Amino acid sequence: MKIVVGLGNPGGQYEQTRHNIGWMVLDRIADRAGWSGKGRTKDASAVVAGRFHGLDLTLVKPLTYMNDSGIAVRKVLAREHAPLGDMLVVLDDFALPFGKLRFREGGGPGGHNGLGSIVDELGTERFSRLRVGIGAPGRGFVDHVLSRFEPDEKARLDELLDAAADAVETWARVGTNKAANQHNSFELRPADTERLAAPGEVDGPPGPDGIRRTRTGWRRTRPSEDPDR
């Protein structure tokens with residue numbers, strides 16, 4: 001059984017904020033596995049477990065608030081009798097550009113309070129983590145991590161969550177070092193400053209059917225207008 005811990009804060013005011021991207025990655029995995037809405041709350045965490053693509057996974061979202069994440073992680077590891085080598089922590093990192101992925105096995109918390117709490121509770125830094133870049137703050141870092149994504153970031157967020165979910169699955173199959181070799185070089189596509197809306201919205205990119213909505217109506221894009229071609 002592989003344990004994947006996504007860091008975040010409970011409460012509607014924190015939904016879709018940068019600090020909760022760890023939760024968002026776990027939600028994407030749960031969606032893929034058909035586990036959404038099937039979890040239970042126990043030992044200060046929202047937990048769902050099952051078999052997905054041949055992998056036995058336990059997804060854990062600590063409900064202790066970020067600064068006490070280690071309390072929930074310690075309880076989960078004790079309940080599952082799991083070694084540290086079977087745990088991955090997914091978290092946000094403002095030291096990385098938006099959209100970058102970075103696997104690392106061990107190392108300090110780097111100023112991340114949730115990661116620091118886990119290190120303090122477990123008494124070791126020797127566990128794997130996947131850092132997801134949320135971009136450098138243009139303001140105080142607390143305001144930055146608790147802010148929501150900008151329009152150009154929202155337009156690419158689904159792609160980032162898919163890439164991070166893929167990276168977690170790779171880790172569960174082949175371990176941290178091989179996952180790092182495959183995913184640390186991931187590059188999110190550049191922002192399309194002319195089309196910041198989501199597919200289907202006014203001035204957004206075309207949907208799967210090739211139709212784009214404009215302020216004057218719907219129109220089918222020509223191949224040369226498709227930004228993905």
# chains A, B, ... in the order shown; residues from 1 in each chain; ligands from 1
$ select_by_dssp --residues "segment 5-229 of chain A" --states "helix (DSSP H, G or I)" --output "PyMOL selection string"
chain A and resi 12-14+18-33+66-80+84-86+113-122+141-145+151-174+176-183+223-225
$ closest_atom_pairs --of "segment 136-167 of chain A" --to "segment 28-41 of chain A" --cutoff "12 Å" --atoms "only C-alpha atoms" --output "tab-separated table"
residue	atom	partner	partner_atom	distance
A:Leu157	CA	A:Arg28	CA	11.3
A:Asp158	CA	A:Arg28	CA	9.0
A:Glu159	CA	A:Arg28	CA	10.8
A:Leu160	CA	A:Arg28	CA	10.4
A:Leu161	CA	A:Arg28	CA	6.7
A:Asp162	CA	A:Arg28	CA	7.1
A:Ala163	CA	A:Arg28	CA	10.1
A:Ala164	CA	A:Arg28	CA	9.0
A:Ala165	CA	A:Ile29	CA	5.8
A:Asp166	CA	A:Ile29	CA	8.6
A:Ala167	CA	A:Ile29	CA	10.6
$ residues_around --residues "Leu7 of chain A" --least-positions-apart "6" --cutoff "8 Å" --atoms "only C-alpha atoms" --output "PyMOL selection string"
chain A and resi 19-23+61-62+66+69+89-92+114
$ closest_residue --among "A:Ala136, A:Ala155, A:Val174, A:Val145" --to "Pro97 of chain A" --atoms "only C-alpha atoms"
A:Ala136
$ residues_around --residues "Thr17 of chain A" --least-positions-apart "3" --cutoff "6 Å" --atoms "only C-alpha atoms" --output "ChimeraX atom specification"
/A:14,20,146-148
$ write_last_selection --atoms "C-alpha atoms" --output "compact mmCIF listing (two decimals), in the first residue's frame"
# COMPACT_ATOMS: atom_id res chain seq x y z
CA TYR A 14 -9.22 27.95 1.30
CA ASN A 20 -4.24 23.76 -1.31
CA LEU A 146 -3.58 31.88 0.38
CA SER A 147 -4.51 33.63 -2.87
CA ARG A 148 -6.31 32.08 -5.81
$ atom_distance --atom1 "atom CA of Gly6 of chain A" --atom2 "atom CA of Val60 of chain A"
6.3 Å
$ closest_residue --among "A:Pro208, A:Trp171, A:Leu57, A:Phe103" --to "Ile3 of chain A" --atoms "only C-alpha atoms"
A:Leu57
$ atom_distance --atom1 "atom CA of Phe141 of chain A" --atom2 "atom CA of His183 of chain A"
26.2 Å
$ select_by_dssp --residues "segment 45-197 of chain A" --states "strand (DSSP E)" --output "ChimeraX atom specification"
/A:45-52,55-62,87-93,101-105,128-133
$ write_last_selection --atoms "N, CA and C atoms" --output "short mmCIF file (atom, residue, chain, number, x, y, z; two decimals), in the first residue's frame"
data_model
loop_
_atom_site.label_atom_id
_atom_site.label_comp_id
_atom_site.auth_asym_id
_atom_site.auth_seq_id
_atom_site.Cartn_x
_atom_site.Cartn_y
_atom_site.Cartn_z
N SER A 45 -7.94 13.15 9.45
CA SER A 45 -7.71 13.21 8.01
C SER A 45 -8.95 12.75 7.26
N ALA A 46 -9.09 13.23 6.03
CA ALA A 46 -10.03 12.65 5.08
C ALA A 46 -9.26 11.62 4.28
N VAL A 47 -9.72 10.38 4.31
CA VAL A 47 -8.96 9.26 3.76
C VAL A 47 -9.83 8.46 2.80
N VAL A 48 -9.26 8.10 1.66
CA VAL A 48 -9.91 7.17 0.75
C VAL A 48 -8.85 6.21 0.24
N ALA A 49 -9.20 4.95 0.08
CA ALA A 49 -8.22 3.95 -0.33
C ALA A 49 -8.85 2.96 -1.29
N GLY A 50 -8.02 2.36 -2.10
CA GLY A 50 -8.51 1.36 -3.04
C GLY A 50 -7.43 0.96 -4.02
N ARG A 51 -7.84 0.23 -5.03
CA ARG A 51 -6.92 -0.24 -6.06
C ARG A 51 -7.22 0.52 -7.35
N PHE A 52 -6.17 1.07 -7.94
CA PHE A 52 -6.31 1.89 -9.14
C PHE A 52 -5.15 1.59 -10.08
N LEU A 55 -2.51 -0.46 -8.68
CA LEU A 55 -1.80 0.08 -7.51
C LEU A 55 -2.73 0.13 -6.32
N ASP A 56 -2.22 -0.23 -5.14
CA ASP A 56 -2.96 -0.06 -3.89
C ASP A 56 -2.58 1.29 -3.30
N LEU A 57 -3.54 2.22 -3.29
CA LEU A 57 -3.25 3.58 -2.86
C LEU A 57 -4.15 3.99 -1.70
N THR A 58 -3.59 4.77 -0.79
CA THR A 58 -4.35 5.46 0.25
C THR A 58 -4.09 6.95 0.08
N LEU A 59 -5.14 7.71 -0.17
CA LEU A 59 -5.02 9.15 -0.34
C LEU A 59 -5.44 9.83 0.96
N VAL A 60 -4.60 10.73 1.47
CA VAL A 60 -4.80 11.33 2.78
C VAL A 60 -4.76 12.84 2.69
N LYS A 61 -5.82 13.49 3.16
CA LYS A 61 -5.86 14.95 3.24
C LYS A 61 -5.98 15.33 4.72
N PRO A 62 -4.88 15.76 5.36
CA PRO A 62 -4.96 16.16 6.77
C PRO A 62 -5.97 17.29 6.97
N MET A 87 5.53 6.41 1.60
CA MET A 87 4.73 7.63 1.72
C MET A 87 5.30 8.73 0.82
N LEU A 88 4.39 9.44 0.16
CA LEU A 88 4.73 10.62 -0.64
C LEU A 88 3.89 11.79 -0.15
N VAL A 89 4.51 12.94 0.06
CA VAL A 89 3.81 14.16 0.45
C VAL A 89 3.76 15.09 -0.76
N VAL A 90 2.58 15.55 -1.12
CA VAL A 90 2.39 16.47 -2.24
C VAL A 90 2.06 17.84 -1.67
N LEU A 91 2.81 18.85 -2.07
CA LEU A 91 2.65 20.18 -1.48
C LEU A 91 2.98 21.28 -2.48
N ASP A 92 2.58 22.49 -2.14
CA ASP A 92 2.87 23.67 -2.94
C ASP A 92 4.27 24.18 -2.64
N ASP A 93 4.85 24.90 -3.61
CA ASP A 93 6.18 25.48 -3.42
C ASP A 93 6.26 26.79 -4.21
N LEU A 101 7.27 20.75 -11.53
CA LEU A 101 7.17 19.63 -10.60
C LEU A 101 8.57 19.27 -10.13
N ARG A 102 8.69 18.92 -8.85
CA ARG A 102 10.01 18.58 -8.33
C ARG A 102 9.89 17.48 -7.29
N PHE A 103 10.32 16.28 -7.65
CA PHE A 103 10.43 15.18 -6.68
C PHE A 103 11.73 15.34 -5.90
N ARG A 104 11.65 14.97 -4.64
CA ARG A 104 12.86 14.94 -3.83
C ARG A 104 12.67 13.94 -2.70
N GLU A 105 13.71 13.23 -2.39
CA GLU A 105 13.68 12.26 -1.30
C GLU A 105 14.51 12.81 -0.15
N SER A 128 9.73 11.01 0.96
CA SER A 128 9.64 11.61 -0.37
C SER A 128 8.57 12.68 -0.41
N ARG A 129 8.82 13.67 -1.26
CA ARG A 129 7.83 14.71 -1.46
C ARG A 129 7.80 15.12 -2.94
N LEU A 130 6.63 15.55 -3.38
CA LEU A 130 6.47 16.12 -4.71
C LEU A 130 6.05 17.56 -4.52
N ARG A 131 6.93 18.47 -4.88
CA ARG A 131 6.63 19.90 -4.79
C ARG A 131 6.02 20.36 -6.11
N VAL A 132 4.94 21.12 -6.01
CA VAL A 132 4.25 21.64 -7.19
C VAL A 132 4.40 23.16 -7.19
N GLY A 133 5.01 23.70 -8.23
CA GLY A 133 5.30 25.12 -8.26
C GLY A 133 4.04 25.97 -8.37
#
$ atom_distance --atom1 "atom CA of Glu125 of chain A" --atom2 "atom CA of Leu77 of chain A"
14.8 Å
$ closest_residue --among "A:Glu187, A:Asp209, A:Glu150, A:Glu121" --to "Arg18 of chain A" --atoms "only C-alpha atoms"
A:Glu150
